[in-house]
Amino acid sequence: MHTYPNRRQNSPPRSARQRPPDPLADVVDTATRSRMMSGIRGRDTKLEVFLRRALHRRGFRFRKNVTGLPGKPDIVLRRYNAIILANGCFWHGHHCHLFRLPATRPEFWQNKIEANMTRDARNIDQLRETGWRVLLVWECAWKGRTRITPEDLVDRTAGWITGSTEFAEIEGAA
Ligand code: ZN
């Protein structure tokens, strides 16, 4: 049994975080950077936290950020052979209204996002080849104008967990 570092414990105190060194300041604007940061894998994004809490409340038990599996998946429910990935739409290149290439250095970001997408696809393939079921939950189902209700999101997630569908995605309403 591994233990996983708790982000809160590892974060600098709030006072130290108020004016962090900002290597991206001259590269992307604040809104873009905020969107990027919210999608970075390995952090407790809001969507991940919401899903974990909601699933826990419904009695599901899981491990999070499991390092022994491809891509260090966000939520792993062994009992159901199920893995849930909460994907930020910018970082993971979702075709939706939350994805827009930054005006500055678009080629750089396009290459970066495409590399992420390639890695995501490879990870999902490896997980499925080794018998895991995989659910992708996209950020646009959780926030923005295409969001569905939180109840709906949890219902659909829970329904997939206890069902038999091998692979599914939950995304924002069209
Ligand atoms: Zn999306």
# chains A, B, ... in the order shown; residues from 1 in each chain; ligands from 1
call {"tool": "residues_near_ligand", "arguments": {"ligand": "ligand 1", "cutoff": "9 Å", "atoms": "only C-alpha atoms and all ligand atoms", "output": "ChimeraX atom specification"}}
result
/A:87-90,92-99,137-141,146,171-172
call {"tool": "residues_around", "arguments": {"residues": "A:Ala121", "least_positions_apart": "4", "cutoff": "12 Å", "atoms": "only C-alpha atoms", "output": "PyMOL selection string"}}
result
chain A and resi 70-71+85+92-93+114-117+125-128+134+136
call {"tool": "atom_distance", "arguments": {"atom1": "atom CA of A:Ile161", "atom2": "atom CA of A:Ala82"}}
result
6.4 Å
call {"tool": "closest_residue", "arguments": {"among": "A:Ala168, A:Arg58, A:Trp91, A:Trp132", "to": "A:Lys112", "atoms": "only C-alpha atoms"}}
result
A:Trp91
call {"tool": "atom_distance", "arguments": {"atom1": "atom CA of A:Val49", "atom2": "atom CA of A:Ala173"}}
result
21.2 Å
call {"tool": "select_by_dssp", "arguments": {"residues": "stretch 48-159 of chain A", "states": "strand (DSSP E or B)", "output": "ChimeraX atom specification"}}
result
/A:63-64,75-77,82-87,133-138
